[in-house]
Amino acid sequence: MTPDLFDAARSRIERTGFDPDTQTRIALFLSAAKSSNATFLGCAQLLPVGDLVMQFLQAQQFRELEFVTLLARVARWSPNPLLYAASGPIVAPLWAHWWAAAPGLPAAAITAGAEQLYAGLAFGHALLAHVRLTPVIPAKTDPLDAFAVALARIEQENGRMLQTQIRLLKEACAEMPAEQREAIVEEKSKLVEAAFARFLGWLAEA
Amino acid sequence: MTTANIGKHEINYSVQGDAGAPLITFVNGLTQSVGLWTAYSKHFAERGYRVLAYDMLGQGRSSKPVLSIVLEDQPRILAALLDHIGAERTFLAAISFGGIVAIDFALAYGERLDGLVLMSTFADLTPQLEFLGAALYEGLTQVGLPYLQSLLYPMNLSGAWIAANRERIPEMKRAGYIGNDLYALQNLMESFVKFTPRGPRLHEIECPTLILNGEYDFFTPRECHDLMRREICNSRLVLMQRAYHAFTLEMPALTMRQIEHFVASVRDGSWSGDQSVWVAAESADAEPCLYRALGDHMRAIPPYEVPANAAAGSAR
């Protein structure tokens, strides 16, 4: 992710302020990221009870849902309906991932086999690693601004949650060749990076 | 900035100066990027050198493998990058984390080195360094990248520099945050899990080697640098006065002067790698730029006078 994408978004926010339109755009994208990851994590309910992996994934699902709730509460939502409509194509790649990876019930993603499980973990890794919003917060923003604080908290927690994906990507599905695992990780990483870059471009629009 | 495709990785690099000129290559510390050598590239290119700076695998705009980074791959990538730019030989200057890569490069590709500059680095993990590294790793993974950044500034830079740059630091941290990825830094740190001490092999390094150590570098203290001085026959240790760990950032003019003096002395044949210890002048344009160290160079306390009637106390 090149710095100019972040710089352009921050410059625009500095000009117009951390207004409801800006917060709505950020909250919509971030909520989609959290919800799409939580959808996969929800499938952990189908893993054997008490399984260690299940515990990590379930804990992360609750954290992701907590952040969606937090965003819903602290964002100053825009009354402009066109903004919500315009967000559709921006967040679509995140949800389209599911239709490609697990047609039908989302539960298929985790029960259908190692490759789907690994893809879900790789997708979660990409979301937690690449979707970073604190660099677009203007430097002069009130440090106690509820929305800015929420973004910082979410991002800090992303780093901690990411440890689950890191450990599982390194150690789970060992029966899959390393090249195959690397290819899946790279594909999901590019998918999320492209969606996030497009989002930053949308955020930078006046 | 340019990208070289090396194996399945993309390596981001910058090269300045004429293709036929003597090459100086800079290797980053853990959280650094190629941009931090911009002043060095300009300085040396203007003086007739060719300068290569690059992001290691896992850094900046180079590829950042998610599954793992193998420490031993780093010197191989550097060798391939030198091939890519058509350089057979180079002077190699490296700081901190990059110093291990430079040592490994010297052990594997010593015939390609005109000289080696090891700055604020180590060959063995002393217990202190091992514990510090573990704490930094814990901070990165359990608190986050901004926390690690916040910790590294006061660890690596002087209070005076922090005071003078207080307004710039948030923007510098933001740039570092955008340019680095937590998982990639974590992989770089985890590449030390199987670290084996390089000390026993340092005697194999034969090229002229300048070792630079900051006076107040508590991260990689004197003992780390003195080990390299003792084991590398063709070496000298230079102590940078009032310098902390990241003196390449805090004192670029002084650092460039020492590197330039070293490179020139190797090229004109006046270099003497006698494992001696020197103190760098405090001004970049001082002449000479080095003074021979007197007394116990392992101590931070200067020589002092003991009154004739002083009583010896019991051992600590």
# chains A, B, ... in the order shown; residues from 1 in each chain; ligands from 1
$ closest_atom_pairs --of "chain A" --to "chain B" --cutoff "7 Å" --atoms "only C-alpha atoms" --output "Markdown table"
| residue | atom | partner | partner_atom | distance |
| --- | --- | --- | --- | --- |
| A:Pro3 | CA | B:Ile178 | CA | 6.5 |
| A:Pro135 | CA | B:Arg174 | CA | 6.2 |
| A:Gln156 | CA | B:Gly144 | CA | 5.8 |
| A:Gly159 | CA | B:Gly144 | CA | 5.6 |
| A:Arg160 | CA | B:Gln142 | CA | 5.5 |
| A:Leu169 | CA | B:Leu67 | CA | 6.7 |
| A:Lys170 | CA | B:Leu67 | CA | 5.4 |
$ write_last_selection --atoms "N, CA and C atoms" --output "mmCIF file, in the first residue's frame"
data_model
loop_
_atom_site.group_PDB
_atom_site.id
_atom_site.type_symbol
_atom_site.label_atom_id
_atom_site.label_comp_id
_atom_site.auth_asym_id
_atom_site.auth_seq_id
_atom_site.Cartn_x
_atom_site.Cartn_y
_atom_site.Cartn_z
ATOM 1 N N PRO A 3 2.109 5.143 0.347
ATOM 2 C CA PRO A 3 1.739 6.226 1.274
ATOM 3 C C PRO A 3 0.842 7.276 0.624
ATOM 4 N N PRO A 135 -3.901 5.997 9.866
ATOM 5 C CA PRO A 135 -3.096 6.986 9.124
ATOM 6 C C PRO A 135 -3.921 8.037 8.369
ATOM 7 N N GLN A 156 -5.482 -1.433 17.159
ATOM 8 C CA GLN A 156 -4.590 -2.063 18.131
ATOM 9 C C GLN A 156 -5.024 -3.508 18.372
ATOM 10 N N GLY A 159 -4.052 -6.084 15.662
ATOM 11 C CA GLY A 159 -2.712 -6.649 15.766
ATOM 12 C C GLY A 159 -2.677 -7.848 16.695
ATOM 13 N N ARG A 160 -3.436 -7.751 17.788
ATOM 14 C CA ARG A 160 -3.481 -8.887 18.722
ATOM 15 C C ARG A 160 -4.249 -10.059 18.117
ATOM 16 N N LEU A 169 -2.025 -20.004 10.135
ATOM 17 C CA LEU A 169 -1.540 -20.062 8.744
ATOM 18 C C LEU A 169 -0.188 -20.761 8.672
ATOM 19 N N LYS A 170 0.624 -20.564 9.696
ATOM 20 C CA LYS A 170 1.952 -21.198 9.697
ATOM 21 C C LYS A 170 1.850 -22.695 9.980
#
$ residues_around --residues "Ser276 (chain B)" --least-positions-apart "5" --cutoff "10 Å" --atoms "only C-alpha atoms" --output "PyMOL selection string"
chain B and resi 229-230+234-238+292-293
$ closest_residue --among "B:Tyr40, B:Phe122, B:Trp278, B:Tyr153" --to "Ile95 (chain B)" --atoms "only C-alpha atoms"
B:Phe122
$ residues_around --residues "region 37-44 of chain A" --least-positions-apart "4" --cutoff "6 Å" --atoms "only C-alpha atoms" --output "PyMOL selection string"
chain A and resi 54+57+61+107+124
$ write_last_selection --atoms "C-alpha atoms" --output "short mmCIF file (atom, residue, chain, number, x, y, z; two decimals), in the first residue's frame"
data_model
loop_
_atom_site.label_atom_id
_atom_site.label_comp_id
_atom_site.auth_asym_id
_atom_site.auth_seq_id
_atom_site.Cartn_x
_atom_site.Cartn_y
_atom_site.Cartn_z
CA MET A 54 -12.47 -23.16 17.94
CA LEU A 57 -11.81 -18.28 16.34
CA GLN A 61 -15.71 -13.55 16.18
CA ALA A 107 -20.70 -23.02 6.95
CA GLY A 124 -9.01 -12.84 7.89
#
$ atom_distance --atom1 "CA of Ser120 (chain B)" --atom2 "CA of Ala243 (chain B)"
10.1 Å
$ residues_around --residues "Ser78 (chain A)" --least-positions-apart "2" --cutoff "10 Å" --atoms "only C-alpha atoms" --output "list of chain:residue names"
A:Asp19, A:Pro20, A:Asp21, A:Thr22, A:Gln23, A:Thr24, A:Arg25, A:Ala75, A:Arg76, A:Asn80, A:Pro81, A:Leu82, A:Leu83, A:Tyr84
$ write_last_selection --atoms "all heavy atoms" --output "JSON list (two decimals), in the first residue's frame"
[["chain", "number", "residue", "atom", "x", "y", "z"],
["A", 19, "ASP", "N", -16.18, 14.73, 9.18],
["A", 19, "ASP", "CA", -17.62, 14.96, 9.17],
["A", 19, "ASP", "C", -18.40, 13.64, 9.06],
["A", 19, "ASP", "O", -17.81, 12.57, 8.87],
["A", 19, "ASP", "CB", -17.99, 15.92, 8.04],
["A", 19, "ASP", "CG", -17.54, 15.40, 6.69],
["A", 19, "ASP", "OD1", -17.20, 14.21, 6.60],
["A", 19, "ASP", "OD2", -17.51, 16.19, 5.74],
["A", 20, "PRO", "N", -19.74, 13.71, 9.18],
["A", 20, "PRO", "CA", -20.53, 12.47, 9.11],
["A", 20, "PRO", "C", -20.34, 11.69, 7.81],
["A", 20, "PRO", "O", -20.33, 10.45, 7.83],
["A", 20, "PRO", "CB", -21.97, 12.98, 9.25],
["A", 20, "PRO", "CG", -21.84, 14.22, 10.06],
["A", 20, "PRO", "CD", -20.56, 14.86, 9.61],
["A", 21, "ASP", "N", -20.17, 12.38, 6.68],
["A", 21, "ASP", "CA", -19.95, 11.65, 5.43],
["A", 21, "ASP", "C", -18.67, 10.82, 5.50],
["A", 21, "ASP", "O", -18.64, 9.66, 5.08],
["A", 21, "ASP", "CB", -19.86, 12.64, 4.25],
["A", 21, "ASP", "CG", -21.25, 13.01, 3.73],
["A", 21, "ASP", "OD1", -22.24, 12.72, 4.45],
["A", 21, "ASP", "OD2", -21.34, 13.59, 2.64],
["A", 22, "THR", "N", -17.61, 11.43, 6.02],
["A", 22, "THR", "CA", -16.33, 10.72, 6.14],
["A", 22, "THR", "C", -16.45, 9.54, 7.10],
["A", 22, "THR", "O", -16.01, 8.42, 6.80],
["A", 22, "THR", "CB", -15.24, 11.69, 6.64],
["A", 22, "THR", "OG1", -15.10, 12.72, 5.68],
["A", 22, "THR", "CG2", -13.91, 10.98, 6.83],
["A", 23, "GLN", "N", -17.04, 9.81, 8.24],
["A", 23, "GLN", "CA", -17.17, 8.74, 9.23],
["A", 23, "GLN", "C", -18.05, 7.60, 8.70],
["A", 23, "GLN", "O", -17.80, 6.43, 8.99],
["A", 23, "GLN", "CB", -17.74, 9.30, 10.54],
["A", 23, "GLN", "CG", -16.79, 10.29, 11.22],
["A", 23, "GLN", "CD", -17.16, 10.59, 12.66],
["A", 23, "GLN", "OE1", -18.02, 9.95, 13.24],
["A", 23, "GLN", "NE2", -16.48, 11.58, 13.22],
["A", 24, "THR", "N", -19.06, 7.97, 7.94],
["A", 24, "THR", "CA", -19.94, 6.94, 7.39],
["A", 24, "THR", "C", -19.18, 6.06, 6.40],
["A", 24, "THR", "O", -19.31, 4.82, 6.43],
["A", 24, "THR", "CB", -21.16, 7.60, 6.70],
["A", 24, "THR", "OG1", -21.86, 8.35, 7.69],
["A", 24, "THR", "CG2", -22.07, 6.56, 6.08],
["A", 25, "ARG", "N", -18.40, 6.69, 5.53],
["A", 25, "ARG", "CA", -17.62, 5.89, 4.57],
["A", 25, "ARG", "C", -16.70, 4.92, 5.31],
["A", 25, "ARG", "O", -16.62, 3.74, 4.96],
["A", 25, "ARG", "CB", -16.78, 6.82, 3.69],
["A", 25, "ARG", "CG", -17.59, 7.64, 2.70],
["A", 25, "ARG", "CD", -16.68, 8.52, 1.86],
["A", 25, "ARG", "NE", -17.43, 9.57, 1.19],
["A", 25, "ARG", "CZ", -17.22, 9.98, -0.06],
["A", 25, "ARG", "NH1", -16.27, 9.43, -0.77],
["A", 25, "ARG", "NH2", -17.94, 10.93, -0.59],
["A", 75, "ALA", "N", -20.04, 6.27, 15.35],
["A", 75, "ALA", "CA", -19.98, 7.02, 14.09],
["A", 75, "ALA", "C", -21.12, 8.04, 14.04],
["A", 75, "ALA", "O", -22.23, 7.78, 14.51],
["A", 75, "ALA", "CB", -20.08, 6.06, 12.91],
["A", 76, "ARG", "N", -20.80, 9.20, 13.49],
["A", 76, "ARG", "CA", -21.86, 10.17, 13.20],
["A", 76, "ARG", "C", -22.33, 9.85, 11.80],
["A", 76, "ARG", "O", -21.66, 10.14, 10.81],
["A", 76, "ARG", "CB", -21.32, 11.59, 13.30],
["A", 76, "ARG", "CG", -21.08, 12.02, 14.76],
["A", 76, "ARG", "CD", -20.67, 13.47, 14.86],
["A", 76, "ARG", "NE", -19.34, 13.68, 14.34],
["A", 76, "ARG", "CZ", -18.96, 14.73, 13.61],
["A", 76, "ARG", "NH1", -19.85, 15.67, 13.31],
["A", 76, "ARG", "NH2", -17.73, 14.86, 13.17],
["A", 80, "ASN", "N", -27.23, 11.14, 4.05],
["A", 80, "ASN", "CA", -27.23, 11.07, 2.59],
["A", 80, "ASN", "C", -27.37, 9.63, 2.12],
["A", 80, "ASN", "O", -26.42, 8.85, 2.21],
["A", 80, "ASN", "CB", -25.92, 11.69, 2.07],
["A", 80, "ASN", "CG", -25.82, 11.59, 0.56],
["A", 80, "ASN", "OD1", -26.77, 11.19, -0.11],
["A", 80, "ASN", "ND2", -24.66, 11.96, 0.02],
["A", 81, "PRO", "N", -28.52, 9.24, 1.56],
["A", 81, "PRO", "CA", -28.72, 7.84, 1.16],
["A", 81, "PRO", "C", -27.81, 7.41, 0.01],
["A", 81, "PRO", "O", -27.49, 6.23, -0.14],
["A", 81, "PRO", "CB", -30.20, 7.79, 0.75],
["A", 81, "PRO", "CG", -30.55, 9.20, 0.41],
["A", 81, "PRO", "CD", -29.71, 10.07, 1.28],
["A", 82, "LEU", "N", -27.40, 8.38, -0.80],
["A", 82, "LEU", "CA", -26.55, 8.04, -1.95],
["A", 82, "LEU", "C", -25.19, 7.48, -1.49],
["A", 82, "LEU", "O", -24.57, 6.68, -2.19],
["A", 82, "LEU", "CB", -26.34, 9.26, -2.84],
["A", 82, "LEU", "CG", -27.61, 9.80, -3.50],
["A", 82, "LEU", "CD1", -27.28, 11.05, -4.33],
["A", 82, "LEU", "CD2", -28.24, 8.73, -4.40],
["A", 83, "LEU", "N", -24.76, 7.94, -0.34],
["A", 83, "LEU", "CA", -23.47, 7.48, 0.19],
["A", 83, "LEU", "C", -23.51, 5.97, 0.47],
["A", 83, "LEU", "O", -22.56, 5.24, 0.18],
["A", 83, "LEU", "CB", -23.17, 8.24, 1.48],
["A", 83, "LEU", "CG", -21.73, 8.39, 1.92],
["A", 83, "LEU", "CD1", -20.88, 9.02, 0.83],
["A", 83, "LEU", "CD2", -21.66, 9.23, 3.19],
["A", 84, "TYR", "N", -24.63, 5.55, 1.02],
["A", 84, "TYR", "CA", -24.77, 4.13, 1.35],
["A", 84, "TYR", "C", -24.84, 3.29, 0.07],
["A", 84, "TYR", "O", -24.27, 2.20, -0.01],
["A", 84, "TYR", "CB", -26.02, 3.90, 2.22],
["A", 84, "TYR", "CG", -25.92, 4.63, 3.54],
["A", 84, "TYR", "CD1", -26.29, 5.98, 3.66],
["A", 84, "TYR", "CD2", -25.43, 3.99, 4.68],
["A", 84, "TYR", "CE1", -26.17, 6.66, 4.85],
["A", 84, "TYR", "CE2", -25.32, 4.67, 5.89],
["A", 84, "TYR", "CZ", -25.69, 6.01, 5.97],
["A", 84, "TYR", "OH", -25.57, 6.67, 7.17]]
$ residues_around --residues "Gly295 (chain B)" --least-positions-apart "6" --cutoff "12 Å" --atoms "only C-alpha atoms" --output "JSON, numbers by chain"
{"B": [277, 278, 279, 301, 302, 303, 304]}
$ closest_residue --among "A:Ser35, A:Arg153, A:Gln116, A:Leu52" --to "Leu133 (chain A)" --atoms "only C-alpha atoms"
A:Arg153
$ residues_around --residues "Glu10 (chain B)" --least-positions-apart "5" --cutoff "8 Å" --atoms "only C-alpha atoms" --output "PyMOL selection string"
chain B and resi 3-5+62-63
$ residues_around --residues "Arg222 (chain B)" --least-positions-apart "2" --cutoff "7 Å" --atoms "only C-alpha atoms" --output "list in words"
Asn213, Thr220, Cys224, His225, Asp226 and Met298 of chain B
